[in-house]
Amino acid sequence: MTEPNVQRGTLWFWMAISLGVALLIVALGVGLEPVGAAILRAPLSSPAAGALGFGLLMVWAAYAYGLSAGRAAGSQEMGVVILNLGLPVALILLWRAELNALAFFVAIGWSLTLAGMGVRLFRREPLAGLMLLPLMGVSLTAILLSLTLWVVPAAQTA
């Protein structure tokens with residue numbers, strides 16, 4: 001596998017948008033504390049919170065690189081690209097509103113759109129498809145978190 005040709009202007013465009021989405025997710029998630037999940041919260045001054053934020057930025061930077069590698073993301077994929085940028089923000093908003101059952105299905109939809117896009121990109125430029133793998137891992141984590149936030153409180157009240 002060789003290094004794909006990356007157009008700098010396209011990379012800067014997708015990098016700015018992707019990192020903007022990552023920062024929006026962090027900003028929306030700062031006060032997020034679902035019922036019964038106080039133990040999951042790390043103080044903002046802790047190294048764990050900083051490492052998690054930096055890791056999230058790197059995951060979204062990999063997504064931007066995948067979109068700009070070669071002729072990876074074309075006009076046909078724009079709808080899917082927008083979905084992949086918008087669905088994680090929607091997940092945070094749903095978690096804040098404690099609509100965890102709906103968040104579970106949104107997370108599944110996000111994973112499916114990422115997987116489909118990853119396969120398309122991999123067929124055109126293998127490295128571009130592989131760069132979506134970290135974000136696919138995040139989407140799988142979102143499925144598990146949504147399921148946990150939906151099922152655990154319901155089990156405690158039953």
# chains A, B, ... in the order shown; residues from 1 in each chain; ligands from 1
>>> residues_around(residues="Glu3 (chain A)", least_positions_apart="4", cutoff="10 Å", atoms="only C-alpha atoms", output="ChimeraX atom specification")
/A:69-70,125-128
>>> atom_distance(atom1="CA of Val81 (chain A)", atom2="CA of Trp95 (chain A)")
22.1 Å
>>> residues_around(residues="Leu147 (chain A)", least_positions_apart="2", cutoff="9 Å", atoms="only C-alpha atoms", output="compact mmCIF listing (two decimals) with N, CA and C atoms, in the first residue's frame")
# COMPACT_ATOMS: atom_id res chain seq x y z
N ASN A 100 -32.40 7.96 25.61
CA ASN A 100 -31.38 6.95 25.37
C ASN A 100 -31.83 5.85 24.42
N ALA A 101 -33.11 5.52 24.41
CA ALA A 101 -33.59 4.51 23.48
C ALA A 101 -33.44 5.00 22.04
N ALA A 103 -31.34 7.33 21.12
CA ALA A 103 -29.91 7.44 20.90
C ALA A 103 -29.30 6.12 20.47
N PHE A 104 -29.82 5.02 21.01
CA PHE A 104 -29.33 3.69 20.63
C PHE A 104 -29.52 3.46 19.13
N ALA A 142 -20.49 4.18 21.13
CA ALA A 142 -21.73 4.94 21.29
C ALA A 142 -22.94 4.01 21.36
N ILE A 143 -22.91 2.93 20.59
CA ILE A 143 -24.00 1.95 20.65
C ILE A 143 -24.07 1.34 22.04
N LEU A 144 -22.91 0.90 22.54
CA LEU A 144 -22.88 0.26 23.86
C LEU A 144 -23.27 1.24 24.97
N LEU A 145 -22.80 2.47 24.88
CA LEU A 145 -23.14 3.46 25.89
C LEU A 145 -24.64 3.77 25.85
N LEU A 149 -27.14 3.15 28.92
CA LEU A 149 -27.91 4.24 29.52
C LEU A 149 -29.41 4.01 29.38
N TRP A 150 -29.81 3.23 28.39
CA TRP A 150 -31.23 2.93 28.19
C TRP A 150 -31.68 1.80 29.09
N VAL A 151 -30.89 0.73 29.21
CA VAL A 151 -31.32 -0.48 29.91
C VAL A 151 -31.11 -0.39 31.42
N VAL A 152 -29.99 0.14 31.87
CA VAL A 152 -29.67 0.12 33.30
C VAL A 152 -30.69 0.94 34.14
>>> atom_distance(atom1="CA of Arg120 (chain A)", atom2="CA of Ile82 (chain A)")
15.6 Å
>>> atom_distance(atom1="CA of Ser68 (chain A)", atom2="CA of Met131 (chain A)")
10.6 Å
>>> closest_residue(among="A:Leu11, A:Val89, A:Ala62, A:Leu24", to="Leu130 (chain A)", atoms="only C-alpha atoms")
A:Ala62
>>> closest_residue(among="A:Leu102, A:Val138, A:Leu87, A:Ala64", to="Trp12 (chain A)", atoms="only C-alpha atoms")
A:Ala64
>>> closest_residue(among="A:Gln76, A:Ser146, A:Thr113, A:Thr141", to="Leu91 (chain A)", atoms="only C-alpha atoms")
A:Ser146
>>> closest_residue(among="A:Met15, A:Leu57, A:Val30, A:Val21", to="Ala90 (chain A)", atoms="only C-alpha atoms")
A:Val21
